[in-house]
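Chemist: Data file query_6.txt (compact mmCIF, C-alpha atoms) is appended below.
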```
# COMPACT_ATOMS: atom_id res chain seq x y z
CA MET A 1 -26.48 74.38 176.46
CA VAL A 2 -26.62 74.35 172.70
CA PRO A 3 -28.28 77.44 171.17
CA ILE A 4 -31.50 77.09 169.20
CA SER A 5 -31.41 76.98 165.39
CA SER A 6 -32.45 80.61 164.96
CA ASP A 7 -29.64 81.95 167.14
CA PRO A 8 -27.65 84.42 164.96
CA ARG A 9 -24.35 83.08 166.26
CA TRP A 10 -24.78 79.98 164.08
CA ARG A 11 -24.55 82.16 160.96
CA GLN A 12 -21.41 83.83 162.28
CA ILE A 13 -19.77 80.50 163.02
CA LEU A 14 -20.85 78.69 159.87
CA THR A 15 -19.95 81.52 157.50
CA GLY A 16 -16.61 82.12 159.19
CA ALA A 17 -17.58 85.67 160.24
CA ALA A 18 -16.69 84.46 163.72
CA ALA A 19 -13.65 82.24 163.99
CA PRO A 20 -13.95 80.10 167.11
CA GLN A 21 -11.12 77.65 167.68
CA PHE A 22 -12.58 74.38 168.93
CA LYS A 23 -10.52 72.01 171.07
CA SER A 24 -12.62 69.08 169.87
CA ALA A 25 -11.09 67.65 166.69
CA GLY A 26 -14.47 66.46 165.44
CA ALA A 27 -16.09 69.86 165.99
CA GLY A 28 -13.36 71.65 164.04
CA MET A 29 -13.54 69.20 161.14
CA LEU A 30 -17.33 69.35 161.06
CA ILE A 31 -17.47 73.15 161.10
CA GLY A 32 -14.81 73.22 158.38
CA ARG A 33 -16.87 70.90 156.22
CA LEU A 34 -20.10 72.86 156.82
CA ARG A 35 -18.36 76.11 155.87
CA ARG A 36 -17.25 74.58 152.57
CA SER A 37 -20.80 73.39 151.98
CA LEU A 38 -22.20 76.87 152.56
CA ILE A 39 -19.69 78.50 150.21
CA ALA A 40 -20.78 76.05 147.51
CA ASP A 41 -24.49 76.40 148.32
CA PRO A 42 -25.49 79.40 150.49
CA ALA A 43 -29.25 78.79 150.07
CA PRO A 44 -31.31 79.07 153.30
CA THR A 45 -32.34 75.41 153.12
CA ASN A 46 -28.70 74.35 153.11
CA PHE A 47 -27.86 76.81 155.87
CA TYR A 48 -30.50 75.36 158.17
CA ALA A 49 -29.46 71.83 157.24
CA CYS A 50 -25.92 72.78 158.29
CA VAL A 51 -27.19 74.29 161.56
CA ASP A 52 -29.06 71.06 162.26
CA GLN A 53 -25.90 69.02 161.72
CA ALA A 54 -23.86 71.28 163.98
CA ARG A 55 -26.53 71.25 166.69
CA ALA A 56 -26.78 67.45 166.55
CA TYR A 57 -23.02 67.17 167.06
CA PHE A 58 -22.89 69.64 169.95
CA GLU A 59 -25.90 68.09 171.66
CA LYS A 60 -24.37 64.62 171.47
CA TYR A 61 -21.03 65.78 172.87
CA GLU A 62 -22.30 68.58 175.10
CA ARG A 63 -21.14 66.94 178.31
CA VAL A 64 -17.55 66.59 177.14
CA MET A 65 -17.41 69.91 175.28
CA ARG A 66 -18.41 72.34 178.01
CA ASP A 67 -15.24 74.42 177.65
CA ASP A 68 -15.65 74.62 173.88
CA LEU A 69 -19.32 75.58 174.16
CA ALA A 70 -18.62 78.20 176.80
CA ASN A 71 -15.80 79.67 174.71
CA VAL A 72 -17.91 79.82 171.57
CA PHE A 73 -21.33 80.71 172.89
CA GLY A 74 -20.53 82.10 176.32
CA ASP A 75 -21.84 80.82 179.63
CA GLY A 76 -25.29 82.29 179.19
CA VAL A 77 -26.43 80.55 176.01
CA LYS A 78 -30.14 79.89 175.82
CA ASN A 79 -31.60 76.56 174.99
CA MET B 1 1.02 45.91 172.24
CA LEU B 2 3.59 44.08 170.14
CA LEU B 3 3.08 40.33 170.33
CA GLU B 4 4.46 37.15 168.89
CA VAL B 5 2.07 35.72 166.30
CA LEU B 6 1.33 32.73 168.51
CA GLU B 7 0.32 34.97 171.39
CA ALA B 8 -1.98 37.02 169.14
CA ALA B 9 -3.48 33.77 167.80
CA ASN B 10 -4.15 32.59 171.35
CA ARG B 11 -5.95 35.83 172.17
CA ILE B 12 -8.06 35.55 169.02
CA GLU B 13 -8.95 31.96 169.83
CA SER B 14 -9.91 32.95 173.36
CA GLY B 15 -12.65 35.10 171.77
CA GLU B 16 -11.08 38.52 172.25
CA SER B 17 -11.99 41.24 169.74
CA LEU B 18 -8.85 42.88 168.36
CA ALA B 19 -7.49 45.27 165.76
CA ILE B 20 -4.19 43.87 164.50
CA ALA B 21 -1.35 45.34 162.47
CA GLY B 22 1.54 43.37 161.03
CA ASP B 23 3.55 42.51 158.00
CA ALA B 24 1.56 40.49 155.46
CA SER B 25 3.83 37.48 156.01
CA VAL B 26 2.66 37.12 159.61
CA MET B 27 -0.90 38.41 159.26
CA SER B 28 -1.66 35.45 157.01
CA GLN B 29 -0.82 33.10 159.91
CA LEU B 30 -3.58 34.40 162.19
CA PRO B 31 -6.67 32.24 162.75
CA LYS B 32 -10.23 33.29 162.05
CA GLY B 33 -11.95 35.23 164.82
CA ARG B 34 -13.31 38.59 165.88
CA TRP B 35 -10.53 40.76 164.55
CA ILE B 36 -9.74 43.14 161.75
CA GLY B 37 -6.29 44.04 160.55
CA GLY B 38 -4.00 45.64 158.07
CA SER B 39 -0.56 45.10 156.62
CA ILE B 40 2.17 47.31 158.07
CA PRO B 41 5.59 46.48 159.61
CA TYR B 42 6.22 49.81 161.41
CA PHE B 43 5.21 50.36 165.01
CA MET B 44 5.41 52.83 167.84
CA GLY B 45 5.72 50.69 170.95
CA GLU B 46 7.95 51.64 173.84
CA ARG B 47 10.43 52.16 171.02
CA GLY B 48 9.90 52.71 167.34
CA THR B 49 10.22 49.28 165.75
CA THR B 50 10.26 47.82 162.27
CA THR B 51 9.51 44.12 162.33
CA ARG B 52 8.18 41.48 159.99
CA GLN B 53 7.92 38.97 162.85
CA LEU B 54 5.67 40.64 165.45
CA VAL B 55 2.13 42.00 165.28
CA PHE B 56 0.59 44.93 167.15
CA ALA B 57 -2.70 43.94 168.77
CA THR B 58 -5.09 46.60 170.04
CA SER B 59 -7.84 45.63 172.47
CA LEU B 60 -11.10 47.43 171.86
CA PRO B 61 -11.42 50.59 173.96
CA GLY B 62 -14.33 50.89 176.38
CA SER B 63 -16.71 48.11 177.38
CA PRO B 64 -18.05 46.81 174.06
CA GLU B 65 -21.58 45.40 174.17
CA GLU B 66 -21.67 44.36 170.53
CA VAL B 67 -19.06 44.07 167.78
CA VAL B 68 -19.93 43.79 164.09
CA ILE B 69 -17.30 43.25 161.38
CA LYS B 70 -18.09 44.32 157.85
CA GLU B 71 -16.23 44.83 154.56
CA TYR B 72 -16.87 47.83 152.32
CA ASP B 73 -16.02 48.34 148.68
CA ALA B 74 -15.87 51.85 147.25
CA SER B 75 -19.55 51.87 146.33
CA GLY B 76 -20.69 50.82 149.81
CA LEU B 77 -18.47 53.06 151.95
CA SER B 78 -21.00 55.84 152.27
CA SER B 79 -23.06 53.67 154.63
CA ILE B 80 -20.19 53.30 157.12
CA HIS B 81 -21.78 55.65 159.64
CA THR B 82 -25.38 54.57 159.19
CA ASP B 83 -24.20 50.99 159.86
CA ALA B 84 -22.53 52.14 163.10
CA PRO B 85 -24.33 52.02 166.44
CA ASP B 86 -25.86 55.22 167.80
CA ASN B 87 -23.48 55.07 170.75
CA GLY B 88 -20.06 53.60 170.18
CA TYR B 89 -17.39 53.89 167.54
CA SER B 90 -16.11 52.28 164.36
CA LEU B 91 -12.58 51.17 163.51
CA ILE B 92 -11.66 51.04 159.85
CA ILE B 93 -8.60 49.84 157.91
CA ILE B 94 -8.18 50.72 154.22
CA PRO B 95 -5.48 49.53 151.80
CA PHE B 96 -3.17 52.30 150.54
CA GLY B 97 -3.52 53.33 146.91
CA SER B 98 -6.76 51.44 146.37
CA GLN B 99 -9.91 52.85 144.82
CA VAL B 100 -11.58 52.58 148.22
CA HIS B 101 -8.73 54.68 149.71
CA ARG B 102 -9.21 57.44 147.15
CA ARG B 103 -13.00 57.44 147.45
CA PHE B 104 -12.86 57.59 151.24
CA ALA B 105 -10.30 60.39 151.17
CA GLN B 106 -12.43 62.54 148.91
CA ASP B 107 -15.94 61.69 150.10
CA ALA B 108 -15.80 60.78 153.81
CA PRO B 109 -16.60 64.27 155.14
CA GLU B 110 -19.86 64.15 153.15
CA TYR B 111 -21.07 60.72 154.28
CA PRO B 112 -24.40 60.68 156.15
CA GLU B 113 -23.85 61.01 159.91
CA ALA B 114 -20.15 61.74 159.43
CA PHE B 115 -18.59 63.31 162.55
CA LEU B 116 -21.68 62.45 164.60
CA LYS B 117 -20.44 58.86 164.97
CA PRO B 118 -16.76 58.41 165.82
CA LEU B 119 -14.67 56.76 163.11
CA VAL B 120 -10.98 56.03 163.58
CA GLY B 121 -8.50 53.84 161.77
CA TRP B 122 -5.62 53.79 159.39
CA ILE B 123 -4.34 53.12 155.91
CA SER B 124 -2.45 49.85 155.52
CA GLY B 125 0.81 49.65 153.62
CA MET B 126 3.92 47.57 153.28
CA HIS B 127 7.63 47.62 154.09
CA LEU B 128 9.12 50.44 152.05
CA ASP B 129 11.61 47.95 150.58
CA ASP B 130 8.56 46.27 149.00
CA TRP B 131 7.14 49.48 147.47
CA GLY B 132 5.61 48.61 144.12
CA LYS B 133 6.07 44.88 144.73
CA ALA B 134 3.65 44.06 147.56
CA ALA B 135 0.01 45.13 147.77
CA PRO B 136 -1.25 46.81 150.95
CA LEU B 137 -3.93 44.64 152.54
CA ALA B 138 -6.88 44.87 154.91
CA TYR B 139 -8.01 41.74 156.74
CA SER B 140 -11.26 40.42 158.12
CA GLY B 141 -10.74 37.80 160.81
CA LEU B 142 -14.40 36.93 160.38
CA THR B 143 -13.96 35.66 156.80
CA GLY B 144 -10.25 34.88 157.06
CA ARG B 145 -9.75 36.88 153.86
CA SER B 146 -7.44 39.71 152.88
CA TYR B 147 -8.51 42.55 150.63
CA THR B 148 -6.59 44.83 148.28
CA ASN B 149 -9.56 47.00 147.34
CA SER B 150 -12.01 46.83 150.23
CA ALA B 151 -11.99 48.44 153.63
CA VAL B 152 -12.68 46.36 156.69
CA SER B 153 -14.53 47.89 159.62
CA MET B 154 -15.43 46.91 163.15
CA HIS B 155 -18.52 48.63 164.54
CA VAL B 156 -18.49 48.68 168.33
CA ARG B 157 -21.52 49.47 170.48
CA LEU B 158 -20.80 50.93 173.91
CA PRO B 159 -23.04 51.16 176.98
CA LYS B 160 -24.88 54.46 177.41
CA THR B 161 -22.54 55.32 180.26
CA GLN B 162 -19.58 55.59 177.88
CA LEU B 163 -18.96 58.14 175.14
CA ALA B 164 -16.27 57.76 172.48
CA GLN B 165 -14.50 60.77 171.00
CA VAL B 166 -11.86 61.01 168.32
CA GLY B 167 -8.69 63.00 169.03
CA THR B 168 -5.72 64.10 166.97
CA ILE B 169 -2.20 65.26 167.75
CA ASN B 170 -0.51 67.44 165.16
CA LEU B 171 3.04 68.77 165.39
CA PHE B 172 2.43 71.36 162.71
CA GLU B 173 1.04 74.89 162.58
CA PRO B 174 0.28 76.92 159.46
CA GLY B 175 3.31 79.06 158.64
CA GLU B 176 3.39 82.82 158.10
CA GLY B 177 3.64 82.56 154.32
CA ASP B 178 1.26 82.67 151.37
CA ASP B 179 -2.37 81.60 151.36
CA ILE B 180 -2.67 78.64 148.99
CA SER B 181 -5.99 77.38 147.64
CA PHE B 182 -7.16 75.07 144.88
CA ASP B 183 -9.91 75.04 142.28
CA GLU B 184 -9.29 71.34 141.62
CA GLU B 185 -9.64 68.67 144.28
CA GLY B 186 -7.66 65.47 144.66
CA PHE B 187 -4.32 63.83 145.35
CA ASP B 188 -2.59 64.96 142.14
CA ILE B 189 -2.58 68.70 141.59
CA GLY B 190 -1.45 70.93 138.74
CA GLU B 191 -2.62 74.45 139.41
CA CYS B 192 -3.18 76.43 142.57
CA LEU B 193 -3.97 79.96 143.69
CA VAL B 194 -1.27 81.76 145.67
CA ASN B 195 -2.80 84.72 147.47
CA GLY B 196 -5.53 84.53 144.83
CA SER B 197 -3.21 84.47 141.79
CA ALA B 198 -3.03 81.41 139.55
CA ARG B 199 0.25 79.49 139.68
CA ASN B 200 1.51 76.07 138.78
CA PHE B 201 1.81 74.36 142.15
CA ALA B 202 4.98 72.38 141.30
CA ASP B 203 6.66 75.53 139.95
CA TYR B 204 5.66 77.46 143.06
CA LEU B 205 7.04 74.82 145.43
CA GLU B 206 10.27 74.56 143.44
CA GLN B 207 10.76 78.34 143.31
CA MET B 208 10.10 78.62 147.03
CA GLY B 209 12.59 75.84 147.76
CA VAL B 210 9.99 74.15 149.91
CA ASP B 211 11.09 71.36 152.23
CA THR B 212 8.46 68.74 151.36
CA ARG B 213 8.96 66.92 154.66
CA TRP B 214 6.68 69.60 156.11
CA PRO B 215 3.02 69.40 155.03
CA LEU B 216 0.43 71.87 153.89
CA VAL B 217 -1.73 72.82 156.88
CA ALA B 218 -5.29 74.12 156.97
CA ASN B 219 -7.07 75.38 160.06
CA TYR B 220 -10.56 73.87 160.32
CA ALA B 221 -12.01 75.97 163.17
CA GLY B 222 -9.19 75.02 165.50
CA THR B 223 -8.38 71.57 164.12
CA ARG B 224 -5.22 71.62 162.02
CA ILE B 225 -5.46 69.34 159.00
CA ASN B 226 -2.26 68.37 157.17
CA VAL B 227 -1.82 67.34 153.57
CA SER B 228 1.60 65.74 153.10
CA PHE B 229 3.70 65.78 149.96
CA GLN B 230 4.38 62.50 148.21
CA ARG B 231 6.51 63.90 145.35
CA LEU B 232 6.93 66.79 142.95
CA ASP B 233 6.93 65.91 139.28
CA THR B 234 8.69 68.94 137.84
CA THR B 235 8.59 67.48 134.32
CA ALA B 236 4.83 66.94 134.24
CA LYS B 237 4.38 69.93 136.56
CA ARG B 238 2.18 67.99 138.95
CA VAL B 239 2.32 67.62 142.73
CA HIS B 240 1.39 64.26 144.22
CA LEU B 241 -0.06 64.34 147.72
CA TYR B 242 -0.88 61.75 150.40
CA ALA B 243 -4.38 63.20 150.92
CA PRO B 244 -6.63 65.29 148.72
CA VAL B 245 -6.84 69.05 148.87
CA PHE B 246 -10.33 70.56 148.81
CA ARG B 247 -11.88 73.63 147.24
CA HIS B 248 -12.84 76.51 149.54
CA VAL B 249 -10.06 75.70 152.02
CA THR B 250 -7.06 77.95 152.63
CA TYR B 251 -3.78 76.12 153.13
CA ARG B 252 -0.38 77.34 154.23
CA LEU B 253 2.98 75.66 154.15
CA ALA B 254 3.70 74.41 157.67
CA ALA B 255 5.93 76.45 159.92
CA PRO B 256 9.21 74.56 160.37
CA LEU B 257 9.57 72.83 163.72
CA ASN B 258 11.78 74.85 166.02
CA ARG B 259 13.43 71.80 167.54
CA PRO B 260 14.39 68.29 166.44
CA TYR B 261 11.42 66.36 165.03
CA VAL B 262 11.91 63.48 167.45
CA ASP B 263 11.79 65.81 170.46
CA ALA B 264 8.66 67.56 169.20
CA TYR B 265 6.99 64.20 168.59
CA ARG B 266 7.95 62.72 171.96
CA ASP B 267 6.66 65.77 173.78
CA ALA B 268 3.39 65.89 171.83
CA VAL B 269 2.42 62.26 172.48
CA LYS B 270 3.84 61.70 175.96
CA ASP B 271 0.46 61.92 177.67
CA ALA B 272 -1.51 60.12 174.95
CA HIS B 273 -2.10 56.85 176.79
CA TYR B 274 -5.09 55.52 174.89
CA SER B 275 -6.10 51.96 174.00
CA PHE B 276 -6.34 52.85 170.34
CA ALA B 277 -3.76 55.07 168.68
CA CYS B 278 -1.92 55.16 165.39
CA SER B 279 0.61 57.53 163.93
CA CYS B 280 1.83 58.42 160.49
CA ILE B 281 4.81 56.72 158.91
CA LEU B 282 6.04 60.20 157.95
CA ASN B 283 6.41 60.98 161.64
CA TYR B 284 8.27 57.67 162.00
CA LEU B 285 10.59 58.41 159.08
CA HIS B 286 11.16 62.17 159.35
CA GLY B 287 11.42 61.91 163.13
CA SER B 288 13.87 59.00 162.87
CA LEU B 289 11.71 57.28 165.46
CA GLU B 290 13.07 53.79 164.83
CA GLY B 291 14.71 52.75 168.09
CA SER B 292 13.60 55.95 169.82
CA GLN B 293 11.81 55.72 173.13
CA VAL B 294 8.29 57.17 173.02
CA GLU B 295 5.98 57.16 176.04
CA GLY B 296 2.52 57.55 174.52
CA ALA B 297 0.41 56.87 171.45
CA HIS B 298 1.54 53.29 170.98
CA GLY B 299 0.23 51.67 167.81
CA PRO B 300 1.08 51.11 164.16
CA ALA B 301 2.89 53.76 162.09
CA THR B 302 0.73 53.82 159.01
CA PHE B 303 0.32 55.14 155.48
CA GLY B 304 -2.43 57.51 156.64
CA GLU B 305 -4.58 58.05 159.71
CA ILE B 306 -8.34 58.21 159.90
CA ALA B 307 -10.13 60.46 162.36
CA HIS B 308 -13.55 60.93 160.77
CA GLN B 309 -11.66 61.66 157.54
CA LEU B 310 -8.24 60.88 156.06
CA LEU B 311 -5.39 62.70 157.78
CA ASN B 312 -1.64 62.91 157.17
CA GLN B 313 1.36 63.29 159.46
CA THR B 314 -0.68 63.24 162.64
CA THR B 315 -1.39 60.89 165.52
CA VAL B 316 -4.96 59.73 166.03
CA TYR B 317 -6.50 58.28 169.17
CA LEU B 318 -9.86 57.28 170.58
CA GLU B 319 -10.86 58.52 174.02
CA ILE B 320 -13.65 56.97 176.08
CA THR B 321 -15.36 59.14 178.68
CA GLU B 322 -17.53 57.73 181.44
CA GLN B 323 -20.75 59.73 181.72
```
Can you dump the structure from the file as structure tokens?
Modeler:
Amino acid sequence: MVPISSDPRWRQILTGAAAPQFKSAGAGMLIGRLRRSLIADPAPTNFYACVDQARAYFEKYERVMRDDLANVFGDGVKN
Amino acid sequence: MLLEVLEAANRIESGESLAIAGDASVMSQLPKGRWIGGSIPYFMGERGTTTRQLVFATSLPGSPEEVVIKEYDASGLSSIHTDAPDNGYSLIIIPFGSQVHRRFAQDAPEYPEAFLKPLVGWISGMHLDDWGKAAPLAYSGLTGRSYTNSAVSMHVRLPKTQLAQVGTINLFEPGEGDDISFDEEGFDIGECLVNGSARNFADYLEQMGVDTRWPLVANYAGTRINVSFQRLDTTAKRVHLYAPVFRHVTYRLAAPLNRPYVDAYRDAVKDAHYSFACSCILNYLHGSLEGSQVEGAHGPATFGEIAHQLLNQTTVYLEITEQ
């Protein structure tokens, strides 16, 4: 399951403090683009806009990204 | 698959939706219909092949419920994803060196709904003997026209039971050397930062004796993105690339392959049996793939690959999963 927007792991992933390696090409490219966006504009509004984009991607592809999601968020992520 | 022009024409006239690659001399012989295409005479079939006589026709992956063909100039490209169906994918073909190519390369990651909706395709080109003489073209079978400065796209809606995903195959890993970054973005670069210190990029590459067959590689959270070298202009001290570099990205020179290019390529693509695939002409050339047997990833060898954004020296495919 995809974590909620306020989950602190989003900040770690989107700022690069955590460095998950996604198998999904689209996920890697998207996270790379969101990180660049946050370096250019770290304002909270942009951060939450980036979280929304990441969540939308993972929710759409959740069924085919179970390994990636488990690796990044662990098996016990809360919805 | 590689087809005679007449066979491709028959499939078009039977109503089949196709993506077609071929030399401009044969593409112009195809009838109107539900197809898009691009000029290119290099192909990865069962063997690497250069031909001006045959075309490579790709049937649409999945079970398309609706197909919409649309042309985009540079100013309209940003709507490519919002025009796409909520569930499905879009194929796109863009002429090399055109304004629309440059705009897509620089802006595509920022387009609304980018990455959320799968976009795959390639950059059209020409026989390298015709470099500077022939214009790369994109084709719309719907209008029967060819375009030098517009992209042509096919938006494909899939049933809810099918999910399309874009995949890439990359032979290259970032090497162990310097971190390279850029304050300027684009295809043509003067200055760079090497481990944070300002350097002229052309001087740096020359001093390092870099083999420009190997690309720059960046790691985007597990997805390796290449930027390939077109040429070094040591007089003007500029480096010309086949894709733009971006600010806030750390690049490395690729680690050299530890075995012959052709063997690394064959091994990487051997299980890539997908309806849609394309590979980079740099793989074709540097891997001496002409005449070589390759099991997977059959499709055109192009002047750039598109998997959400412009890529270099990779193989791109579209995978359909039944849900």
Chemist: Taking all atoms listed in the file into account, which of A:Tyr57, A:Ile4, A:Gln12, A:Asp41 comes nearest chain B?
Modeler: A:Tyr57
Chemist: Identify, on the basis of all atoms listed in the file, every residue whose closest approach to Leu77 (chain B) does not exceed 12 Å; exclude the query and any residue fewer than 2 positions from it along the same chain; express the result as an NGL selection string.
Modeler: :B and (70-75 or 79-84 or 92-94 or 99-112 or 114 or 149-153)
Chemist: Return as a ChimeraX atom specification the residues belonging to chain B that are within 10 Å of chain A, counting only C-alpha atoms.
Modeler: /B:87,109-110,113-119,163-169,218-225,246-249,307-309,321-323
Chemist: Would you kindly return, as a PyMOL selection string, each protein, DNA or RNA residue with an atom no farther than 9 Å from any atom of region 41-57 of chain B, considering only C-alpha atoms and excluding same-chain residues fewer than 5 positions away?
Modeler: chain B and resi 1-5+8+18-27+125-127+278-279+281+284+288-302
Chemist: If you measure from CA of Gln162 (chain B) to CA of Gly62 (chain B), what distance in Å do you get, rounded to one decimal?
Modeler: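 We find that CA of Gln162 (chain B) and CA of Gly62 (chain B) lie 7.2 Å from each other.
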Chemist: Between CA of Glu65 (chain B) and CA of Pro159 (chain B), what is the distance in Å, rounded to a tenth?
Modeler: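 Separation of CA of Glu65 (chain B) and CA of Pro159 (chain B): 6.6 Å.
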Chemist: For Ile189 (chain B), which residue among B:Asp129, B:Asp267, B:Glu176, B:Asp203 is the nearest when counting only C-alpha atoms?
Modeler: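 Comparing B:Asp129, B:Asp267, B:Glu176, B:Asp203 against Ile189 (chain B), the winner is B:Asp203.
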Chemist: Between CA of Asn170 (chain B) and CA of Ser228 (chain B), measure the distance and give it in Å to one decimal.
Modeler: 12.4 Å
Chemist: Please provide the set of residues having any atom within 9 Å of Thr212 (chain B), restricted to only C-alpha atoms, with same-chain residues fewer than 6 positions apart removed, written as a ChimeraX atom specification.
Modeler: /B:205,228-232
Chemist: Pick out the closest residue to Lys32 (chain B) from this set: B:Leu6, B:Leu60, B:Leu142, B:Leu311. Count only C-alpha atoms.
Modeler: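 Selected residue with least distance to Lys32 (chain B): B:Leu142.
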